[in-house]
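One structure below.
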Amino acid sequence: MSNSGEDRTRKWYDTSIKVAKEYGGKISVMPKVPVTGLRDFSIYYTPGVAGVSLEIAKNSDLSFELTWRWNAIAVLTDGTRVLGLGNVGPEAALPVMEGKALIFKYLGGVDAVPLPIRVKSREEFVAVAKAIEPSFGGINLEDIESPKCFYLLETLRKELNIPVWHDDQQGTAGAILAGLFNALKIVDKNINDVKVVLFGAGASNIAAARILHAAGVNYGNMILIDSKGPLHAEREDMDKLMLNNPWKYDLALKTNKERSKTIEDAMKGADVLISASTPGPNVIKKDWIKAMNKDAVVFALANPVPEIWPWEAKEAGARIVATGRSDFPNQINNSLIFPSVFRGALDVRARGISDEVIVAVAREIAKYAEEKGITEDYIIPTMEEWEVYPRAAAAAAVEIVKEGLARVTTTYNEELERARSIIAKSRASMEKLMREGLIKELPAELMR
Ligand SMILES: NC(=O)c1ccc[n+]([C@@H]2O[C@H](COP(=O)([O-])OP(=O)(O)OC[C@H]3O[C@@H](n4cnc5c(N)ncnc54)[C@H](O)[C@@H]3O)[C@@H](O)[C@H]2O)c1
Ligand SMILES: O=C(O)C[C@H](O)C(=O)O
């Protein structure tokens, strides 16, 4: 069966290239005001538009009311860690950012602008993010190498007055937590007791460790593994880590209470394996999964190819398996989180998005799946279940308000209605364009 996994991946690559060529990319900017004749340009453009500019010049906050800023975010990357492909550069990052923007619009009703930039240093990146702040209601950082991404998130969260979020940290951690809540219900284990191995100690898993802790997993019961093996307080590179990656250093001190020094040891008796490392399929060994506890939960999240094929993880004894892909069951991907978190954040004109917001959103998503009926192959909703997005947006908005990070207040029901209507409108307008042939169907010959 493993060859079929590779063939299947290649087939998606080929189709995606053909479709990209056929359509010339995936998104474009569409007007939302009617244009019926020359008179209208005097409203939208000169001279009328100067009136709007003068209002905003008096009070820049009005840019949130009188322009698209209330609903617009940037998807900002330097292309240094694109999926698991590595540093492929800003141009090669663009198709991924376009894909994110499509999902933002379709599932969150958010206008997202893909913005891969050519910068070298961290300082240059910070300067660009600050420079574009006036144009957007939020910034979604994407696909940036670690530890640079930790520094950028921390700095920009402090220095900008709009929410800055790093999808590969917070979004991934939220999706992992949502999946974990329900997986643990199925195997009947308590989040406070489980032993969790986090394979890969980069953007995703460093954030996941923090968010899992916020949700009840004990730091001592976690083991983080990087390319040099398990992290622990006596590792010989601790001095270097303290200087170059204080985020990883801090977790090396808190985690791995049993001081496992090899992967084999770390895996013994683990209840959960969360892998966000490097594309597979043979990165996670079957023997490691065999050493885990009964009813093991395995999330193999590398994109585009999971660290182990799901069927191989099951053969090795895993009871619940998830990957980051939409063509396998249990897709744990930040796409379940980012459209709704930004929907909620924009609607309350947030200044920031805290870790508690991520936990609240993960709980809401898990609850939604539980209400529908969870199974080993359905621990988390799919991207087709669009009704989960307004619910998650409402959970995000309420938590942002609760923590004093919102500029306007709301209630769960009020935001649920608003998010539902914005997202439904966004989907309906795309579907109307499809019906009318203005967005043409995917050519059948490309889909074979
Ligand atoms: N499913 C999702 O939603 C999702 C979200 C984000 C990232 N990812 C995927 O997860 C992977 C990692 O992403 P990231 O942002 O954390 O990257 P990152 O570069 O920040 O971190 C990768 C980590 O994995 C470790 N690593 C690499 N190869 C290893 C190996 N063979 N053994 C042990 N450790 C190894 C590195 O040392 C590093 O700590 C990528 O493939 C990415 O596509 C998936
Ligand atoms: O892009 C994805 O599918 C998820 C994630 O952001 C990743 O970098 O792999």
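Going through the structure tokens in order, the chains are called A, B, and so on, while each chain numbers its residues from 1 and the ligands are numbered from 1 in the order shown.
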With only C-alpha atoms and all ligand atoms counted, collect every polymer residue having an atom within 6 Å of ligand 2; state the result as a ChimeraX atom specification.
/A:82-83,143,168,303,333-334
Proximity check chain A to ligand 1, 6 Å, nearest pairs one decimal Å, only C-alpha atoms and all ligand atoms, as CSV:
residue,atom,partner,partner_atom_place_in_ligand_line,distance
A:Leu83,CA,ligand 1,43 (O),3.5
A:Gly84,CA,ligand 1,41 (O),3.4
A:Glu145,CA,ligand 1,20 (O),5.3
A:Ser146,CA,ligand 1,20 (O),4.5
A:Asp168,CA,ligand 1,6 (C),4.2
A:Thr172,CA,ligand 1,5 (C),4.8
A:Phe199,CA,ligand 1,34 (N),5.9
A:Gly200,CA,ligand 1,24 (O),3.4
A:Ala201,CA,ligand 1,39 (O),3.4
A:Gly202,CA,ligand 1,21 (O),3.1
A:Ala203,CA,ligand 1,16 (O),3.9
A:Ser204,CA,ligand 1,16 (O),3.8
A:Asn205,CA,ligand 1,16 (O),5.8
A:Ile225,CA,ligand 1,34 (N),5.8
A:Asp226,CA,ligand 1,34 (N),3.7
A:Ser227,CA,ligand 1,34 (N),3.7
A:Ala276,CA,ligand 1,10 (O),3.8
A:Ser277,CA,ligand 1,24 (O),3.4
A:Thr278,CA,ligand 1,41 (O),4.6
A:Pro279,CA,ligand 1,41 (O),5.2
A:Val283,CA,ligand 1,31 (N),5.8
A:Leu301,CA,ligand 1,1 (N),4.4
A:Ala302,CA,ligand 1,41 (O),3.5
A:Asn303,CA,ligand 1,43 (O),3.7
A:Gly324,CA,ligand 1,1 (N),3.6
A:Ile332,CA,ligand 1,1 (N),5.4
A:Asn333,CA,ligand 1,3 (O),3.1
A:Asn334,CA,ligand 1,3 (O),4.1
Could you jot down the atom CA of A:Asp271 to atom CA of A:Ala313 separation for me, Å, one decimal place?
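Pair atom CA of A:Asp271 / atom CA of A:Ala313 returns 13.8 Å.
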Residue set, stretch 165-209 of chain A restricted to helix (DSSP H, G or I), as a ChimeraX atom specification
/A:167-187,203-209
Serialized selection, N, CA, C and O atoms, as a compact mmCIF listing (two decimals), in the first residue's frame:
# COMPACT_ATOMS: atom_id res chain seq x y z
N ASP A 167 0.49 31.10 12.09
CA ASP A 167 -0.35 29.94 11.84
C ASP A 167 0.32 28.61 12.18
O ASP A 167 -0.31 27.71 12.75
N ASP A 168 1.60 28.51 11.84
CA ASP A 168 2.28 27.22 12.09
C ASP A 168 2.53 27.00 13.57
O ASP A 168 2.76 25.86 13.99
N GLN A 169 2.50 28.08 14.36
CA GLN A 169 2.58 27.89 15.81
C GLN A 169 1.16 27.73 16.37
O GLN A 169 0.73 26.65 16.73
N GLN A 170 0.44 28.85 16.40
CA GLN A 170 -0.84 28.85 17.13
C GLN A 170 -1.93 28.04 16.42
O GLN A 170 -2.71 27.33 17.06
N GLY A 171 -2.01 28.17 15.10
CA GLY A 171 -3.06 27.48 14.35
C GLY A 171 -2.89 25.96 14.45
O GLY A 171 -3.84 25.22 14.72
N THR A 172 -1.66 25.53 14.25
CA THR A 172 -1.40 24.09 14.32
C THR A 172 -1.67 23.57 15.73
O THR A 172 -2.30 22.51 15.91
N ALA A 173 -1.20 24.33 16.72
CA ALA A 173 -1.41 23.90 18.12
C ALA A 173 -2.91 23.78 18.41
O ALA A 173 -3.34 22.84 19.09
N GLY A 174 -3.70 24.70 17.91
CA GLY A 174 -5.15 24.65 18.13
C GLY A 174 -5.78 23.42 17.50
O GLY A 174 -6.63 22.74 18.11
N ALA A 175 -5.36 23.11 16.28
CA ALA A 175 -5.92 21.93 15.59
C ALA A 175 -5.50 20.65 16.32
O ALA A 175 -6.30 19.72 16.50
N ILE A 176 -4.24 20.62 16.77
CA ILE A 176 -3.76 19.44 17.51
C ILE A 176 -4.60 19.26 18.78
O ILE A 176 -5.06 18.15 19.09
N LEU A 177 -4.82 20.36 19.50
CA LEU A 177 -5.57 20.26 20.76
C LEU A 177 -7.00 19.80 20.52
O LEU A 177 -7.52 18.95 21.25
N ALA A 178 -7.64 20.34 19.48
CA ALA A 178 -9.02 19.93 19.17
C ALA A 178 -9.06 18.42 18.92
O ALA A 178 -9.92 17.70 19.45
N GLY A 179 -8.11 17.93 18.10
CA GLY A 179 -8.06 16.50 17.80
C GLY A 179 -7.76 15.68 19.04
O GLY A 179 -8.35 14.61 19.27
N LEU A 180 -6.86 16.21 19.87
CA LEU A 180 -6.47 15.45 21.06
C LEU A 180 -7.62 15.33 22.06
O LEU A 180 -7.85 14.26 22.64
N PHE A 181 -8.38 16.41 22.25
CA PHE A 181 -9.53 16.36 23.18
C PHE A 181 -10.40 15.14 22.82
O PHE A 181 -10.77 14.35 23.68
N ASN A 182 -10.73 15.01 21.53
CA ASN A 182 -11.67 13.95 21.14
C ASN A 182 -11.01 12.58 21.08
O ASN A 182 -11.64 11.57 21.44
N ALA A 183 -9.74 12.53 20.67
CA ALA A 183 -9.05 11.24 20.64
C ALA A 183 -9.01 10.66 22.06
O ALA A 183 -9.25 9.46 22.28
N LEU A 184 -8.75 11.52 23.05
CA LEU A 184 -8.67 11.03 24.43
C LEU A 184 -10.02 10.57 24.95
O LEU A 184 -10.10 9.65 25.77
N LYS A 185 -11.10 11.20 24.44
CA LYS A 185 -12.43 10.73 24.84
C LYS A 185 -12.63 9.30 24.33
O LYS A 185 -13.15 8.43 25.04
N ILE A 186 -12.21 9.04 23.09
CA ILE A 186 -12.41 7.70 22.51
C ILE A 186 -11.60 6.64 23.25
O ILE A 186 -12.09 5.55 23.54
N VAL A 187 -10.34 6.96 23.57
CA VAL A 187 -9.52 5.95 24.24
C VAL A 187 -9.68 6.00 25.76
O VAL A 187 -9.05 5.23 26.49
N ALA A 203 8.44 25.21 15.02
CA ALA A 203 7.31 26.13 15.20
C ALA A 203 6.10 25.40 15.78
O ALA A 203 5.54 25.81 16.81
N SER A 204 5.69 24.31 15.14
CA SER A 204 4.43 23.66 15.51
C SER A 204 4.51 23.06 16.91
O SER A 204 3.64 23.31 17.75
N ASN A 205 5.52 22.26 17.15
CA ASN A 205 5.53 21.51 18.41
C ASN A 205 5.96 22.35 19.62
O ASN A 205 5.55 22.05 20.74
N ILE A 206 6.75 23.38 19.41
CA ILE A 206 7.09 24.26 20.54
C ILE A 206 5.80 24.96 21.00
O ILE A 206 5.51 25.05 22.20
N ALA A 207 5.01 25.42 20.03
CA ALA A 207 3.73 26.06 20.39
C ALA A 207 2.76 25.02 20.95
O ALA A 207 2.05 25.27 21.92
N ALA A 208 2.75 23.83 20.33
CA ALA A 208 1.82 22.78 20.80
C ALA A 208 2.10 22.44 22.26
O ALA A 208 1.17 22.29 23.06
N ALA A 209 3.38 22.36 22.63
CA ALA A 209 3.72 22.02 24.03
C ALA A 209 3.09 23.04 24.97
O ALA A 209 2.48 22.68 25.99
Extract, using only C-alpha atoms, all DNA, RNA and protein residues at most 9 Å from A:Glu403, discarding same-chain residues fewer than 4 positions from it, and format them as a PyMOL selection string.
chain A and resi 354+356-357+398-399
Filtered DSSP result for stretch 50-168 of chain A, state strand (DSSP E), as JSON, numbers by chain
{"A": [72, 73, 74, 75, 76, 77, 111, 112, 113, 114, 115, 116, 138, 139, 140, 141, 164, 165, 166]}
Output of the above residues as a PDB file, in the first residue's frame, restricted to N, CA and C atoms:
ATOM      1  N   ALA A  72      -9.726  42.850   6.314  1.00  0.00           N
ATOM      2  CA  ALA A  72      -8.566  42.469   5.498  1.00  0.00           C
ATOM      3  C   ALA A  72      -7.359  42.090   6.345  1.00  0.00           C
ATOM      4  N   ILE A  73      -6.706  41.009   5.959  1.00  0.00           N
ATOM      5  CA  ILE A  73      -5.472  40.622   6.644  1.00  0.00           C
ATOM      6  C   ILE A  73      -4.382  40.304   5.612  1.00  0.00           C
ATOM      7  N   ALA A  74      -3.135  40.332   6.063  1.00  0.00           N
ATOM      8  CA  ALA A  74      -2.020  39.942   5.193  1.00  0.00           C
ATOM      9  C   ALA A  74      -1.567  38.540   5.579  1.00  0.00           C
ATOM     10  N   VAL A  75      -1.267  37.738   4.583  1.00  0.00           N
ATOM     11  CA  VAL A  75      -0.668  36.421   4.840  1.00  0.00           C
ATOM     12  C   VAL A  75       0.816  36.578   4.505  1.00  0.00           C
ATOM     13  N   LEU A  76       1.601  36.831   5.552  1.00  0.00           N
ATOM     14  CA  LEU A  76       2.972  37.326   5.388  1.00  0.00           C
ATOM     15  C   LEU A  76       4.000  36.216   5.628  1.00  0.00           C
ATOM     16  N   THR A  77       4.891  36.042   4.657  1.00  0.00           N
ATOM     17  CA  THR A  77       5.934  35.013   4.800  1.00  0.00           C
ATOM     18  C   THR A  77       7.214  35.467   4.126  1.00  0.00           C
ATOM     19  N   ASP A 111     -10.964  38.728   3.780  1.00  0.00           N
ATOM     20  CA  ASP A 111     -10.173  39.105   2.603  1.00  0.00           C
ATOM     21  C   ASP A 111      -8.696  39.017   2.969  1.00  0.00           C
ATOM     22  N   ALA A 112      -8.020  38.001   2.473  1.00  0.00           N
ATOM     23  CA  ALA A 112      -6.620  37.778   2.839  1.00  0.00           C
ATOM     24  C   ALA A 112      -5.733  38.030   1.620  1.00  0.00           C
ATOM     25  N   VAL A 113      -4.665  38.804   1.846  1.00  0.00           N
ATOM     26  CA  VAL A 113      -3.750  39.144   0.751  1.00  0.00           C
ATOM     27  C   VAL A 113      -2.458  38.338   0.907  1.00  0.00           C
ATOM     28  N   PRO A 114      -2.158  37.465  -0.056  1.00  0.00           N
ATOM     29  CA  PRO A 114      -0.906  36.702   0.034  1.00  0.00           C
ATOM     30  C   PRO A 114       0.278  37.654  -0.116  1.00  0.00           C
ATOM     31  N   LEU A 115       1.236  37.587   0.802  1.00  0.00           N
ATOM     32  CA  LEU A 115       2.330  38.553   0.771  1.00  0.00           C
ATOM     33  C   LEU A 115       3.686  37.921   1.104  1.00  0.00           C
ATOM     34  N   PRO A 116       4.221  37.108   0.200  1.00  0.00           N
ATOM     35  CA  PRO A 116       5.589  36.627   0.413  1.00  0.00           C
ATOM     36  C   PRO A 116       6.566  37.774   0.139  1.00  0.00           C
ATOM     37  N   GLY A 138      -5.266  42.636  10.540  1.00  0.00           N
ATOM     38  CA  GLY A 138      -4.518  41.565  11.196  1.00  0.00           C
ATOM     39  C   GLY A 138      -3.413  41.066  10.287  1.00  0.00           C
ATOM     40  N   ILE A 139      -2.448  40.365  10.895  1.00  0.00           N
ATOM     41  CA  ILE A 139      -1.379  39.757  10.081  1.00  0.00           C
ATOM     42  C   ILE A 139      -1.254  38.292  10.463  1.00  0.00           C
ATOM     43  N   ASN A 140      -1.338  37.449   9.440  1.00  0.00           N
ATOM     44  CA  ASN A 140      -1.161  36.015   9.636  1.00  0.00           C
ATOM     45  C   ASN A 140       0.222  35.638   9.111  1.00  0.00           C
ATOM     46  N   LEU A 141       1.150  35.331  10.024  1.00  0.00           N
ATOM     47  CA  LEU A 141       2.484  34.894   9.598  1.00  0.00           C
ATOM     48  C   LEU A 141       2.412  33.438   9.174  1.00  0.00           C
ATOM     49  N   VAL A 164      -1.412  39.806  15.553  1.00  0.00           N
ATOM     50  CA  VAL A 164      -0.413  39.108  14.738  1.00  0.00           C
ATOM     51  C   VAL A 164      -0.398  37.673  15.240  1.00  0.00           C
ATOM     52  N   TRP A 165      -0.463  36.764  14.311  1.00  0.00           N
ATOM     53  CA  TRP A 165      -0.651  35.351  14.630  1.00  0.00           C
ATOM     54  C   TRP A 165       0.294  34.551  13.763  1.00  0.00           C
ATOM     55  N   HIS A 166       0.892  33.512  14.275  1.00  0.00           N
ATOM     56  CA  HIS A 166       1.693  32.643  13.402  1.00  0.00           C
ATOM     57  C   HIS A 166       0.978  31.302  13.295  1.00  0.00           C
TER      58      HIS A 166
END
Could you make a table, as a Markdown table, of the residues of stretch 87-125 of chain A that have an atom within 12 Å of an atom of stretch 420-423 of chain A, each with its nearest atom pair and distance in Å to one decimal, counting only C-alpha atoms, in chain and number order?
| residue | atom | partner | partner_atom | distance |
| --- | --- | --- | --- | --- |
| A:Ile103 | CA | A:Ile423 | CA | 11.1 |
| A:Phe104 | CA | A:Ile423 | CA | 9.7 |
| A:Lys105 | CA | A:Ile423 | CA | 7.9 |
| A:Tyr106 | CA | A:Ile423 | CA | 7.0 |
| A:Leu107 | CA | A:Ile423 | CA | 6.2 |
| A:Gly108 | CA | A:Ile423 | CA | 5.5 |
| A:Gly109 | CA | A:Ile423 | CA | 4.7 |
| A:Val110 | CA | A:Ile423 | CA | 8.3 |
| A:Asp111 | CA | A:Ile423 | CA | 11.3 |
Take atom CA of A:Gly25 and atom CA of A:Pro304 and report the distance between them in Å, one decimal.
19.4 Å
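Atom pair atom CA of A:Pro230 / atom CA of A:Ser260 has a distance of 6.7 Å (rounded to one decimal).
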Tell me which protein, DNA and RNA residues are within 10 Å of A:Lys314, counting only C-alpha atoms, leaving out same-chain ones fewer than 6 positions away, and put them as a ChimeraX atom specification.
/A:286,289-290,296-298,308,320-321
Excluding stretch 118-135 of chain A and residues on its chain fewer than 3 positions from it, collect all residues at most 10 Å away from it, counting only C-alpha atoms, and give them as a short mmCIF file (atom, residue, chain, number, x, y, z; two decimals) with N, CA and C atoms, in the first residue's frame.
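Contents of the output file selection-v5.cif:
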data_model
loop_
_atom_site.label_atom_id
_atom_site.label_comp_id
_atom_site.auth_asym_id
_atom_site.auth_seq_id
_atom_site.Cartn_x
_atom_site.Cartn_y
_atom_site.Cartn_z
N SER A 60 -7.52 58.00 12.34
CA SER A 60 -7.09 56.84 11.54
C SER A 60 -7.90 55.58 11.86
N ASP A 61 -8.52 55.54 13.05
CA ASP A 61 -9.36 54.38 13.39
C ASP A 61 -10.53 54.23 12.41
N SER A 63 -10.37 54.11 9.41
CA SER A 63 -9.98 53.22 8.29
C SER A 63 -10.64 51.85 8.46
N PHE A 64 -10.98 51.51 9.73
CA PHE A 64 -11.66 50.23 9.97
C PHE A 64 -13.13 50.27 9.55
N THR A 67 -13.06 51.65 4.98
CA THR A 67 -12.33 50.90 3.94
C THR A 67 -12.49 49.41 4.23
N TRP A 68 -11.89 48.60 3.39
CA TRP A 68 -12.00 47.14 3.60
C TRP A 68 -11.16 46.65 4.77
N ARG A 69 -10.44 47.58 5.46
CA ARG A 69 -9.51 47.16 6.51
C ARG A 69 -10.18 46.32 7.60
N TRP A 70 -11.46 46.59 7.87
CA TRP A 70 -12.15 45.84 8.94
C TRP A 70 -12.12 44.33 8.68
N ALA A 72 -9.73 42.85 6.31
CA ALA A 72 -8.57 42.47 5.50
C ALA A 72 -7.36 42.09 6.34
N ILE A 73 -6.71 41.01 5.96
CA ILE A 73 -5.47 40.62 6.64
C ILE A 73 -4.38 40.30 5.61
N ALA A 74 -3.14 40.33 6.06
CA ALA A 74 -2.02 39.94 5.19
C ALA A 74 -1.57 38.54 5.58
N LEU A 76 1.60 36.83 5.55
CA LEU A 76 2.97 37.33 5.39
C LEU A 76 4.00 36.22 5.63
N THR A 77 4.89 36.04 4.66
CA THR A 77 5.93 35.01 4.80
C THR A 77 7.21 35.47 4.13
N ASP A 78 8.33 34.89 4.56
CA ASP A 78 9.58 35.11 3.83
C ASP A 78 9.97 33.85 3.05
N GLY A 79 9.10 32.86 3.09
CA GLY A 79 9.32 31.63 2.31
C GLY A 79 10.46 30.77 2.80
N THR A 80 10.82 30.91 4.09
CA THR A 80 12.00 30.16 4.58
C THR A 80 11.69 28.74 5.07
N GLY A 89 11.96 29.95 -0.87
CA GLY A 89 11.92 31.35 -1.29
C GLY A 89 10.51 31.90 -1.45
N PRO A 90 10.42 33.26 -1.52
CA PRO A 90 9.10 33.90 -1.52
C PRO A 90 8.25 33.58 -2.75
N GLU A 91 8.86 33.50 -3.92
CA GLU A 91 8.03 33.22 -5.11
C GLU A 91 7.39 31.84 -5.00
N LEU A 115 1.24 37.59 0.80
CA LEU A 115 2.33 38.55 0.77
C LEU A 115 3.69 37.92 1.10
N GLY A 138 -5.27 42.64 10.54
CA GLY A 138 -4.52 41.57 11.20
C GLY A 138 -3.41 41.07 10.29
N ILE A 139 -2.45 40.36 10.89
CA ILE A 139 -1.38 39.76 10.08
C ILE A 139 -1.25 38.29 10.46
N LEU A 141 1.15 35.33 10.02
CA LEU A 141 2.48 34.89 9.60
C LEU A 141 2.41 33.44 9.17
N LYS A 148 13.52 31.84 14.09
CA LYS A 148 13.15 33.21 13.69
C LYS A 148 11.66 33.47 13.95
N CYS A 149 10.83 32.47 13.66
CA CYS A 149 9.38 32.68 13.78
C CYS A 149 8.96 33.00 15.22
N TYR A 151 10.80 34.60 17.49
CA TYR A 151 11.20 35.99 17.73
C TYR A 151 10.20 36.94 17.06
N LEU A 152 9.85 36.64 15.81
CA LEU A 152 8.95 37.54 15.07
C LEU A 152 7.59 37.63 15.74
N LEU A 153 7.05 36.48 16.14
CA LEU A 153 5.72 36.51 16.76
C LEU A 153 5.76 37.31 18.06
N THR A 155 7.87 39.63 19.07
CA THR A 155 8.14 41.05 18.84
C THR A 155 6.91 41.74 18.25
N LEU A 156 6.33 41.13 17.23
CA LEU A 156 5.22 41.81 16.53
C LEU A 156 3.96 41.85 17.38
N GLU A 159 4.53 44.87 19.45
CA GLU A 159 4.73 46.18 18.84
C GLU A 159 3.62 46.63 17.90
N LEU A 160 2.72 45.74 17.53
CA LEU A 160 1.64 46.14 16.62
C LEU A 160 0.32 46.23 17.37
N ASN A 161 -0.56 47.06 16.84
CA ASN A 161 -1.87 47.25 17.47
C ASN A 161 -2.97 46.46 16.82
N ILE A 162 -2.59 45.54 15.94
CA ILE A 162 -3.55 44.62 15.32
C ILE A 162 -3.09 43.20 15.67
N PRO A 163 -3.99 42.20 15.61
CA PRO A 163 -3.53 40.87 15.98
C PRO A 163 -2.50 40.32 14.99
N VAL A 164 -1.41 39.81 15.55
CA VAL A 164 -0.41 39.11 14.74
C VAL A 164 -0.40 37.67 15.24
#
Closest to A:Ala291 among A:Glu370, A:Glu234, A:Glu417, A:Asp265, using only C-alpha atoms?
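Checking each of A:Glu370, A:Glu234, A:Glu417, A:Asp265 against A:Ala291, counting only C-alpha atoms, the winner is A:Asp265.
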Name the residues in contact with A:Met242 at a cut-off of 12 Å, using only C-alpha atoms, excluding same-chain residues fewer than 6 positions from it; report them as a list in words.
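Here the qualifying residues turn out to be Pro147, Ala233, Arg235, Glu236, Lys248, Tyr249, Asp250, Leu251, Ala252 and Leu253 of chain A.
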Residues within 7 Å of A:Ala395, please, as a PyMOL selection string. Count only C-alpha atoms; anything in the same chain fewer than 4 positions from it doesn't count.
chain A and resi 360-361+364+391+399+412
Export of the given selection (N, CA and C atoms) as a compact mmCIF listing (two decimals), in the first residue's frame:
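Result saved to result25.txt:
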# COMPACT_ATOMS: atom_id res chain seq x y z
N ALA A 360 -9.92 27.90 23.77
CA ALA A 360 -11.38 28.03 23.66
C ALA A 360 -11.87 27.57 22.29
N VAL A 361 -11.14 27.93 21.24
CA VAL A 361 -11.53 27.53 19.88
C VAL A 361 -11.40 26.01 19.72
N GLU A 364 -14.33 24.31 21.28
CA GLU A 364 -15.56 24.47 20.51
C GLU A 364 -15.56 23.52 19.30
N ARG A 391 -19.08 28.85 14.57
CA ARG A 391 -19.06 28.50 15.99
C ARG A 391 -17.70 28.78 16.60
N GLU A 399 -13.84 34.97 23.83
CA GLU A 399 -12.64 34.87 24.67
C GLU A 399 -11.77 36.13 24.52
N TYR A 412 -21.68 35.46 22.52
CA TYR A 412 -21.52 34.26 21.68
C TYR A 412 -22.58 34.25 20.59
Pick from A:Leu243, A:Met383, A:Ala369, A:Met292, whichever lies nearest to A:Ala316 using only C-alpha atoms
A:Met292
